[in-house]
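Student: Below is the file input-v5.cif, with mmCIF, C-alpha atoms.
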```cif
data_entry
#
loop_
_atom_site.label_atom_id
_atom_site.label_comp_id
_atom_site.auth_asym_id
_atom_site.auth_seq_id
_atom_site.Cartn_x
_atom_site.Cartn_y
_atom_site.Cartn_z
CA MET A 1 99.92 130.88 97.40
CA ILE A 2 103.42 130.26 96.04
CA SER A 3 106.05 127.57 96.47
CA ARG A 4 108.70 127.85 99.16
CA ALA A 5 111.41 127.93 96.49
CA VAL A 6 109.96 131.20 95.19
CA VAL A 7 109.79 132.60 98.72
CA THR A 8 113.43 131.73 99.27
CA GLN A 9 114.40 133.42 96.01
CA ILE A 10 112.45 136.57 96.89
CA GLN A 11 114.00 136.63 100.36
CA ALA A 12 117.50 136.33 98.89
CA LYS A 13 116.88 139.22 96.48
CA ARG A 14 115.45 141.33 99.24
CA ASP A 15 118.41 140.72 101.56
CA ALA A 16 120.74 141.82 98.77
CA VAL A 17 119.22 145.30 98.59
CA LEU A 18 118.48 145.87 102.31
CA LYS A 19 121.46 148.16 102.74
CA ASN A 20 120.06 150.56 100.13
CA ASP A 21 116.35 150.29 100.68
CA ARG A 22 115.13 148.98 104.03
CA GLN A 23 111.39 148.37 104.23
CA THR A 24 109.03 146.59 106.60
CA GLU A 25 107.33 143.54 105.12
CA ILE A 26 105.71 140.26 106.11
CA PHE A 27 107.00 137.02 104.62
CA PHE A 28 105.58 133.55 104.59
CA PRO A 29 107.65 130.98 106.52
CA ASP A 30 110.18 128.87 104.70
CA ARG A 31 111.46 125.77 106.45
CA ASP A 32 114.72 125.94 104.51
CA SER A 33 115.26 129.64 105.05
CA GLU A 34 117.74 130.85 107.64
CA THR A 35 115.23 133.52 108.75
CA GLU A 36 113.31 130.92 110.73
CA HIS A 37 116.16 130.35 113.16
CA ILE A 38 117.87 132.74 115.51
CA PRO A 39 121.42 133.12 114.23
CA ALA A 40 124.27 132.48 116.60
CA SER A 41 125.49 135.94 117.59
CA SER A 42 126.25 138.04 120.60
CA GLU A 43 123.15 140.19 120.07
CA PHE A 44 120.23 139.87 122.43
CA SER A 45 117.40 137.58 121.32
CA TYR A 46 114.24 136.42 123.02
CA GLN A 47 112.29 133.17 122.81
CA ILE A 48 109.14 132.68 124.82
CA LYS A 49 109.14 129.90 127.40
CA GLY A 50 106.29 127.46 127.83
CA HIS A 51 105.51 128.76 131.32
CA ASP A 52 105.41 132.37 130.12
CA LEU A 53 103.19 131.48 127.16
CA ASN A 54 100.71 129.69 129.41
CA LEU A 55 100.72 132.64 131.81
CA TYR A 56 100.14 135.04 128.92
CA ALA A 57 97.21 132.97 127.63
CA LEU A 58 95.63 132.51 131.06
CA THR A 59 95.77 136.25 131.85
CA SER A 60 94.27 137.29 128.50
CA LEU A 61 90.99 139.23 128.68
CA GLY A 62 89.97 137.90 125.27
CA PHE A 63 87.25 135.80 126.88
CA LEU A 64 85.18 138.94 127.58
CA PRO A 65 84.33 139.68 123.92
CA LEU A 66 83.80 135.94 123.47
CA MET A 67 81.05 136.09 126.10
CA LEU A 68 79.37 138.80 124.04
CA GLY A 69 79.87 136.57 121.00
CA PHE A 70 77.91 133.77 122.69
CA LEU A 71 75.06 136.20 123.28
CA ALA A 72 75.15 137.24 119.62
CA ILE A 73 75.02 133.57 118.59
CA TYR A 74 72.00 133.07 120.85
CA ASN A 75 70.23 136.02 119.21
CA ARG A 76 70.97 134.57 115.78
CA LEU A 77 69.64 131.16 116.79
CA SER A 78 66.48 132.71 118.21
CA ASP A 79 65.74 134.07 114.72
CA VAL A 80 66.14 130.64 113.13
CA ILE A 81 64.76 128.19 115.71
CA PRO A 82 60.94 128.06 115.97
CA GLN A 83 59.63 130.08 118.90
CA LYS A 84 57.86 127.09 120.49
CA TYR A 85 61.18 125.30 121.02
CA ILE A 86 62.76 128.41 122.53
CA ASN A 87 59.79 128.83 124.89
CA ALA A 88 60.04 125.18 125.91
CA ALA A 89 63.78 125.56 126.64
CA VAL A 90 63.20 128.74 128.67
CA LYS A 91 60.43 127.05 130.66
CA THR A 92 62.69 124.10 131.38
CA LEU A 93 65.44 126.40 132.66
CA GLU A 94 62.95 128.28 134.85
CA ASN A 95 62.02 125.03 136.56
CA ARG A 96 65.65 124.21 137.33
CA SER A 97 67.27 125.12 140.60
CA GLY A 98 69.61 128.05 140.97
CA VAL A 99 72.53 125.62 141.33
CA VAL A 100 71.91 124.17 137.84
CA LEU A 101 71.66 127.63 136.28
CA SER A 102 74.87 128.67 138.04
CA LEU A 103 76.64 125.58 136.71
CA LEU A 104 75.39 126.41 133.21
CA ALA A 105 76.81 129.93 133.51
CA ILE A 106 80.13 128.52 134.74
CA VAL A 107 80.28 126.14 131.76
CA VAL A 108 79.76 129.06 129.34
CA ILE A 109 82.51 131.06 131.07
CA LEU A 110 84.89 128.08 130.99
CA LEU A 111 84.21 127.56 127.28
CA ALA A 112 85.02 131.22 126.60
CA LEU A 113 88.20 130.98 128.70
CA GLY A 114 89.27 127.77 126.97
CA PHE A 115 88.71 129.16 123.49
CA SER A 116 90.57 132.37 124.36
CA TYR A 117 93.46 130.30 125.75
CA LEU A 118 93.72 128.23 122.56
CA VAL A 119 93.64 131.35 120.36
CA VAL A 120 96.57 132.91 122.25
CA ILE A 121 98.56 129.65 122.25
CA ASN A 122 98.04 129.28 118.49
CA ARG A 123 99.08 132.88 117.80
CA TYR A 124 102.23 133.07 119.97
CA PHE A 125 103.49 129.47 119.92
CA HIS A 126 107.32 129.42 119.68
CA PHE A 127 107.47 133.22 119.62
CA GLU A 128 110.99 134.45 118.81
CA VAL A 129 112.50 137.89 118.18
CA HIS A 130 116.05 138.86 117.27
CA PRO A 131 117.81 141.84 115.63
CA LYS A 132 119.22 141.45 112.12
CA GLU A 133 120.90 144.23 110.13
CA LYS A 134 119.13 147.12 111.90
CA GLN A 135 115.85 145.24 111.75
CA LEU A 136 113.78 143.18 114.18
CA VAL A 137 112.68 139.74 113.02
CA THR A 138 109.80 138.04 114.86
CA SER A 139 108.36 134.61 114.19
CA LYS A 140 105.38 132.94 115.84
CA GLY A 141 102.45 130.65 115.26
CA LEU A 142 101.36 127.03 115.62
CA LEU A 143 98.86 126.24 112.86
CA GLN A 144 100.11 129.13 110.74
CA GLN A 145 103.58 130.49 111.28
CA ASN A 146 104.24 134.17 110.54
CA ILE A 147 107.63 135.84 110.18
CA VAL A 148 107.68 139.63 110.37
CA THR A 149 110.70 141.80 109.54
CA ALA A 150 110.41 145.34 110.90
CA SER A 151 112.96 148.07 110.23
CA GLN A 152 114.22 149.92 113.32
CA GLU A 153 113.71 153.16 111.37
CA LYS A 154 109.97 152.46 111.14
CA ILE A 155 109.45 152.31 114.90
CA GLN A 156 107.38 155.31 115.97
CA ALA A 157 106.85 154.39 119.62
CA VAL A 158 107.27 151.55 122.09
CA VAL A 159 104.25 150.64 124.20
CA ILE A 160 104.38 148.82 127.54
CA SER A 161 100.88 147.44 127.99
CA GLN A 162 99.23 145.88 131.07
CA SER A 163 95.66 144.85 131.72
CA PHE A 164 94.52 145.26 135.32
CA LEU A 165 94.97 141.50 135.81
CA ARG A 166 98.52 141.46 134.46
CA GLN A 167 99.27 144.62 136.39
CA ALA A 168 98.28 142.84 139.62
CA LEU A 169 100.57 139.95 138.68
CA LYS A 170 103.39 142.40 137.72
CA LEU A 171 103.48 141.23 134.10
CA ALA A 172 103.84 143.39 131.02
CA THR A 173 103.67 143.19 127.22
CA VAL A 174 105.91 145.29 124.97
CA GLN A 175 104.49 146.38 121.60
CA LEU A 176 105.64 148.59 118.72
CA VAL A 177 103.82 151.33 116.83
CA LEU A 178 105.16 151.05 113.27
CA ALA A 179 105.00 153.30 110.21
CA SER A 180 104.22 150.23 108.11
CA GLN A 181 101.65 147.49 107.60
CA ALA A 182 103.67 144.86 109.48
CA ALA A 183 101.25 144.78 112.40
CA ASP A 184 98.02 144.47 110.40
CA GLU A 185 97.34 140.97 111.70
CA GLU A 186 97.75 141.92 115.35
CA GLN A 187 94.71 142.41 117.56
CA ASP A 188 95.21 146.14 118.14
CA ASP A 189 97.37 146.97 115.09
CA GLN A 190 100.56 147.05 117.15
CA LEU A 191 103.38 144.58 116.62
CA VAL A 192 104.13 142.51 119.72
CA LEU A 193 107.83 142.71 120.55
CA LEU A 194 107.84 140.84 123.89
CA PRO A 195 104.56 139.05 124.70
CA VAL A 196 104.95 138.56 128.43
CA LEU A 197 107.68 139.13 130.97
CA SER A 198 108.19 140.56 134.42
CA GLN A 199 107.21 144.20 134.78
CA GLY A 200 110.70 145.05 136.04
CA LEU A 201 112.38 143.43 133.02
CA ALA A 202 110.12 144.91 130.32
CA LEU A 203 112.10 148.09 129.66
CA LYS A 204 115.48 146.45 130.28
CA ASN A 205 114.95 143.76 127.63
CA ALA A 206 113.16 146.08 125.19
CA SER A 207 116.08 148.54 125.34
CA ARG A 208 118.40 145.76 124.15
CA LEU A 209 116.31 145.49 120.98
CA VAL A 210 115.38 149.17 120.48
CA LYS A 211 118.51 151.18 121.15
CA TRP A 212 116.97 154.63 121.73
CA LEU A 213 114.92 153.47 124.71
CA PRO A 214 116.00 154.84 128.10
CA GLN A 215 117.41 152.37 130.63
CA LYS A 216 115.10 153.58 133.38
CA ILE A 217 111.69 155.22 133.53
CA PRO A 218 111.56 158.36 135.68
CA ARG A 219 108.81 158.73 138.23
CA LEU A 220 105.52 159.63 136.58
CA PRO A 221 103.65 162.12 138.77
CA VAL A 222 100.04 161.31 139.64
CA GLY A 223 97.47 164.01 138.93
CA ARG A 224 95.88 166.00 141.70
CA ARG A 225 92.54 164.83 143.16
CA PHE A 226 90.74 167.60 141.32
CA GLU A 227 92.18 166.46 137.99
CA ARG A 228 91.44 162.79 138.68
CA TRP A 229 87.86 163.59 139.65
CA LYS A 230 87.25 165.16 136.23
CA ILE A 231 87.99 161.83 134.55
CA ILE A 232 85.87 159.84 137.01
CA ARG A 233 82.99 162.29 136.59
CA ASN A 234 83.00 161.97 132.79
CA ILE A 235 82.40 158.21 133.10
CA LEU A 236 80.12 158.27 136.13
CA LEU A 237 77.56 160.87 134.97
CA PRO A 238 76.55 159.10 131.71
CA THR A 239 76.28 155.84 133.67
CA ILE A 240 73.95 157.44 136.22
CA LEU A 241 71.76 158.75 133.39
CA LEU A 242 71.69 155.29 131.78
CA VAL A 243 70.74 153.61 135.07
CA VAL A 244 67.87 156.07 135.62
CA ILE A 245 66.51 155.51 132.10
CA ILE A 246 66.69 151.71 132.44
CA GLY A 247 65.15 151.85 135.90
CA LEU A 248 62.18 153.99 134.79
CA PHE A 249 61.38 152.09 131.58
CA PHE A 250 61.91 148.55 132.90
CA GLN A 251 60.49 148.69 136.43
CA PRO A 252 61.07 147.08 138.84
CA TYR A 253 63.93 144.90 137.61
CA GLY A 254 65.51 147.73 135.64
CA TRP A 255 66.79 149.21 138.88
CA LEU A 256 69.15 146.24 139.17
CA SER A 257 71.30 148.15 136.68
CA VAL A 258 72.48 150.23 139.65
CA VAL A 259 75.31 147.66 139.87
CA LEU A 260 76.80 149.49 136.88
CA LEU A 261 77.64 152.47 139.10
CA PRO A 262 80.51 150.90 141.09
CA VAL A 263 81.83 149.35 137.86
CA ALA A 264 81.81 152.77 136.17
CA PHE A 265 83.52 154.33 139.18
CA TRP A 266 86.19 151.62 139.10
CA ILE A 267 86.84 152.16 135.38
CA GLY A 268 86.99 155.94 135.88
CA TYR A 269 89.29 155.67 138.88
CA TYR A 270 91.62 153.30 137.01
CA ALA A 271 91.79 155.72 134.07
CA SER A 272 92.44 158.70 136.34
CA VAL A 273 95.34 157.25 138.36
CA ASN A 274 97.05 156.03 135.16
CA ASN A 275 96.76 159.37 133.36
CA ARG A 276 100.39 160.61 133.50
CA LEU A 277 103.05 162.42 131.48
CA ALA A 278 106.83 162.92 131.81
CA LEU A 279 110.07 163.54 129.88
CA THR A 280 113.35 161.65 129.96
CA ASN A 281 116.83 163.10 129.54
CA ALA A 282 117.13 161.38 126.14
CA ASP A 283 114.39 163.36 124.40
CA VAL A 284 111.83 160.60 124.83
CA LEU A 285 108.29 161.49 125.87
CA LEU A 286 106.46 159.20 128.30
CA ALA A 287 102.68 159.33 127.91
CA GLN A 288 100.56 156.96 129.96
CA ASN A 289 96.81 156.44 129.95
CA GLY A 290 94.32 153.87 131.21
CA HIS A 291 91.46 152.77 128.97
CA LEU A 292 88.96 149.98 129.68
CA LEU A 293 91.09 148.64 132.56
CA THR A 294 94.25 148.47 130.44
CA ARG A 295 97.26 150.67 131.16
CA LYS A 296 99.53 151.70 128.28
CA LEU A 297 102.79 153.57 128.63
CA TYR A 298 103.97 155.12 125.34
CA LEU A 299 107.69 155.87 124.95
CA ILE A 300 107.92 158.28 122.02
CA PRO A 301 111.11 159.86 120.58
CA ARG A 302 110.64 163.54 119.82
CA GLY A 303 111.62 163.05 116.17
CA ARG A 304 108.83 160.52 115.65
CA ILE A 305 105.97 162.79 116.77
CA GLN A 306 103.98 163.90 113.71
CA ALA A 307 101.96 166.61 115.47
CA MET A 308 100.93 167.80 118.91
CA SER A 309 98.00 169.92 120.08
CA MET A 310 96.63 171.42 123.27
CA GLN A 311 92.87 171.56 123.75
CA GLN A 312 90.71 173.34 126.33
CA THR A 313 87.02 173.81 126.92
CA VAL A 314 85.75 177.06 128.42
CA LEU A 315 85.37 175.42 131.84
CA MET A 316 88.84 173.90 131.64
CA ALA A 317 90.36 177.30 130.86
CA ARG A 318 88.91 178.69 134.10
CA VAL A 319 90.68 176.08 136.22
CA GLU A 320 93.83 176.05 134.03
CA LEU A 321 93.57 172.49 132.76
CA SER A 322 94.32 171.21 129.27
CA HIS A 323 94.23 168.05 127.15
CA LEU A 324 97.39 167.14 125.26
CA LYS A 325 97.10 165.15 122.02
CA ILE A 326 100.13 163.45 120.46
CA ILE A 327 99.78 162.31 116.84
CA LEU A 328 101.84 159.34 115.64
CA ARG A 329 102.01 157.56 112.33
CA SER A 330 100.68 154.01 112.53
CA GLY A 331 100.73 152.10 109.25
CA ASN A 332 99.18 154.36 106.64
CA GLU A 333 97.01 156.08 109.23
CA LYS A 334 97.47 158.02 112.43
CA GLN A 335 97.31 157.08 116.07
CA VAL A 336 96.31 159.59 118.70
CA VAL A 337 97.73 159.35 122.22
CA GLN A 338 95.84 161.64 124.59
CA VAL A 339 96.66 162.63 128.16
CA ARG A 340 93.69 164.44 129.69
CA TYR A 341 93.21 167.12 132.34
CA LEU A 342 96.82 168.14 132.69
CA PRO A 343 97.82 171.32 134.50
CA LYS A 344 98.11 174.00 131.82
CA LYS A 345 101.73 174.78 132.73
CA LYS A 346 102.71 171.11 132.34
CA ALA A 347 100.99 170.84 128.94
CA GLU A 348 102.68 174.06 127.76
CA GLU A 349 106.08 172.76 128.91
CA ILE A 350 105.70 169.60 126.80
CA TYR A 351 104.35 171.61 123.88
CA ARG A 352 107.34 173.96 123.92
CA TRP A 353 109.70 170.98 124.14
CA TYR A 354 108.14 169.58 120.98
CA ARG A 355 108.14 172.88 119.04
CA HIS A 356 111.83 173.54 119.70
CA LYS A 357 113.04 170.26 118.28
#
```
Now that the file is in, can you turn its structure into structure tokens?

Tutor:
Amino acid sequence: MISRAVVTQIQAKRDAVLKNDRQTEIFFPDRDSETEHIPASSEFSYQIKGHDLNLYALTSLGFLPLMLGFLAIYNRLSDVIPQKYINAAVKTLENRSGVVLSLLAIVVILLALGFSYLVVINRYFHFEVHPKEKQLVTSKGLLQQNIVTASQEKIQAVVISQSFLRQALKLATVQLVLASQAADEEQDDQLVLLPVLSQGLALKNASRLVKWLPQKIPRLPVGRRFERWKIIRNILLPTILLVVIIGLFFQPYGWLSVVLLPVAFWIGYYASVNNRLALTNADVLLAQNGHLLTRKLYLIPRGRIQAMSMQQTVLMARVELSHLKIILRSGNEKQVVQVRYLPKKKAEEIYRWYRHK
């Protein structure tokens, strides 16, 4: 903890040497500093609107882990509270009607949704981003304001992310993979560039902040049915085995776990139809995958790829399929972007493109 006067002095010294040594750093907010306000210029800048922020918070899937958190809290309490009180509470609930129990479940879900909403509002309140001397400056936060300065040279990839809910509403979030620690406080270690905007405007607005982005995304071909089935199968078979084990060991109610099968099929199908790969004319690789009902499209310049590998199992070699792994630098670690079950010729085409850079 330091005074704002010291922060201002540090910021002034840093700005003086930016032309010689640009780095990505996080600074504490200073009310008197000019970095808090978007300077008047002709360059594109973005400030989140109240409607967009509410939409972003309401479509967040953060309530799902919160539901698991409530269960963890219950398990903790069961270790502390005497068993006789727990048994009395369970007996009371058993005597209640199904309507009361349903209302109780709805209350728990609403609490999780409300808490998730408040967390997002607090994190992205008054979100702003603007370019400044070949850098991107973002500021956000309600109870604690954070200002992040990220060098354009540190950007390894741009990610357009959509959960299945935001995808249905045609909304998108634009994030950055950085070769720095600037995104350490983000949920998935990627710096948010544009929190929420229309799917059609995501690339257009992002390209005004990151100059090497293409203006349009070419059509990403969908894999053949045979290739898509491989991905669905890899999720469905372990689920079937799990359902059988639960059903045999916890009869008869264990067989209710059969409801996991359509969920697993849905997750596998979502992953398979969003597993795509393409190239642009500007030497930017487009790699898309779907994981846990969230679609991410990576736009990666060829010069930012740290490594690339093709992988095949014996069975995949017989049907001429291959996995393609793209290695990026993310902070002081690596990030792996994988596109699975590609036709071997397509994977080799991308691999040759990378090797001849």

Student: Within 12 Å of Arg208 of chain A, counting only C-alpha atoms, which residues qualify if same-chain residues fewer than 4 places away don't, as a PyMOL selection string?

Tutor: chain A and resi 42-46+129-131+136+193-194+201-204+212-215

Student: Measure the distance from atom CA of Gln335 of chain A to atom CA of Trp353 of chain A in Å and round it to one decimal.

Tutor: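 For atom CA of Gln335 of chain A relative to atom CA of Trp353 of chain A, the distance reads 20.3 Å.
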
Student: Name the closest residue to Lys49 of chain A among the candidates A:Val158, A:Leu61, A:Val210, A:Ile121; distances are taken between atoms, counting all atoms listed in the file.

Tutor: A:Ile121

Student: Need to verify the contact set: Val174 of chain A, 10 Å, all atoms listed in the file, exclusion of same-chain residues closer than 5 positions in sequence. Can you return it as number ranges by chain?

Tutor: A: 158-162, 190-197, 199, 202-203, 205-206, 296-297

Student: Can you translate the PyMOL selection byres ((chain A and resi 295) around 12) into the concrete residues it hits in this file, as number ranges by chain?

Tutor: A: 159-168, 171-174, 267, 270-276, 287-294, 296-298

Student: Keeping C-alpha atoms, export the residues of the selection given above as a PDB file, in the coordinates of the input.

Tutor:
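Produced file selection_9.pdb, reproduced below:
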```
ATOM      1  CA  VAL A 159     104.250 150.640 124.200  1.00  0.00           C
ATOM      2  CA  ILE A 160     104.380 148.820 127.540  1.00  0.00           C
ATOM      3  CA  SER A 161     100.880 147.440 127.990  1.00  0.00           C
ATOM      4  CA  GLN A 162      99.230 145.880 131.070  1.00  0.00           C
ATOM      5  CA  SER A 163      95.660 144.850 131.720  1.00  0.00           C
ATOM      6  CA  PHE A 164      94.520 145.260 135.320  1.00  0.00           C
ATOM      7  CA  LEU A 165      94.970 141.500 135.810  1.00  0.00           C
ATOM      8  CA  ARG A 166      98.520 141.460 134.460  1.00  0.00           C
ATOM      9  CA  GLN A 167      99.270 144.620 136.390  1.00  0.00           C
ATOM     10  CA  ALA A 168      98.280 142.840 139.620  1.00  0.00           C
ATOM     11  CA  LEU A 171     103.480 141.230 134.100  1.00  0.00           C
ATOM     12  CA  ALA A 172     103.840 143.390 131.020  1.00  0.00           C
ATOM     13  CA  THR A 173     103.670 143.190 127.220  1.00  0.00           C
ATOM     14  CA  VAL A 174     105.910 145.290 124.970  1.00  0.00           C
ATOM     15  CA  ILE A 267      86.840 152.160 135.380  1.00  0.00           C
ATOM     16  CA  TYR A 270      91.620 153.300 137.010  1.00  0.00           C
ATOM     17  CA  ALA A 271      91.790 155.720 134.070  1.00  0.00           C
ATOM     18  CA  SER A 272      92.440 158.700 136.340  1.00  0.00           C
ATOM     19  CA  VAL A 273      95.340 157.250 138.360  1.00  0.00           C
ATOM     20  CA  ASN A 274      97.050 156.030 135.160  1.00  0.00           C
ATOM     21  CA  ASN A 275      96.760 159.370 133.360  1.00  0.00           C
ATOM     22  CA  ARG A 276     100.390 160.610 133.500  1.00  0.00           C
ATOM     23  CA  ALA A 287     102.680 159.330 127.910  1.00  0.00           C
ATOM     24  CA  GLN A 288     100.560 156.960 129.960  1.00  0.00           C
ATOM     25  CA  ASN A 289      96.810 156.440 129.950  1.00  0.00           C
ATOM     26  CA  GLY A 290      94.320 153.870 131.210  1.00  0.00           C
ATOM     27  CA  HIS A 291      91.460 152.770 128.970  1.00  0.00           C
ATOM     28  CA  LEU A 292      88.960 149.980 129.680  1.00  0.00           C
ATOM     29  CA  LEU A 293      91.090 148.640 132.560  1.00  0.00           C
ATOM     30  CA  THR A 294      94.250 148.470 130.440  1.00  0.00           C
ATOM     31  CA  LYS A 296      99.530 151.700 128.280  1.00  0.00           C
ATOM     32  CA  LEU A 297     102.790 153.570 128.630  1.00  0.00           C
ATOM     33  CA  TYR A 298     103.970 155.120 125.340  1.00  0.00           C
TER      34      TYR A 298
END
```

Student: Take atom CA of Lys346 of chain A and atom CA of Asp283 of chain A and report the distance between them in Å, one decimal.

Tutor: 16.1 Å

Student: For Gln306 of chain A, which of A:Ser330, A:Ser3, A:Gln11, A:Thr239 is the closest residue, counting only C-alpha atoms?

Tutor: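 Comparing A:Ser330, A:Ser3, A:Gln11, A:Thr239 against Gln306 of chain A, the winner is A:Ser330.
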
Student: In Å to one decimal, how far is atom CA of His323 of chain A from atom CA of Gln338 of chain A?

Tutor: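 Interatomic distance here is 7.1 Å.
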
Student: I would like the residues chosen by the PyMOL selection byres ((chain A and resi 312) around 10) on the shown file; could you give them as a list in words?

Tutor: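 This file gives the following for the PyMOL selection byres ((chain A and resi 312) around 10): Met310, Gln311, Thr313, Val314, Leu315, Met316, Ala317, Arg318, Glu320, Leu321, Ser322, His323, Leu324, Arg340, Tyr341 and Lys344 of chain A.
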
Student: With distances taken over all atoms listed in the file, which residue among A:Ile326, A:Leu236, A:Leu285, A:Ile109 lies nearest Pro301 of chain A?

Tutor: A:Leu285

Student: With distances taken over only C-alpha atoms, which residue among A:Leu260, A:Ala278, A:Leu142, A:Leu55 lies nearest Leu241 of chain A?

Tutor: A:Leu260

Student: Find, counting all atoms listed in the file, the residue in A:Ile246, A:Leu277, A:Leu299, A:Ala57 that gets nearest to Ile155 of chain A.

Tutor: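 With all atoms listed in the file as the atom set, the closest residue is A:Leu299.
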
Student: Considering only C-alpha atoms, state which residue in the set A:Met1, A:Leu342, A:Val107, A:Leu169 is at the smallest distance from Arg225 of chain A.

Tutor: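 Residue with the minimum atom-to-atom distance to Arg225 of chain A: A:Leu342.
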
Student: Give, as JSON, the centre coordinates and the x, y and z edge lengths in Å to one decimal for an axis-aligned box around all listed atoms of segment 133-147 of chain A, padded by 5 Å on each side.

Tutor:
```
{"center_x": 109.9, "center_y": 136.7, "center_z": 113.0, "size_x": 32.0, "size_y": 30.9, "size_z": 15.7}
```
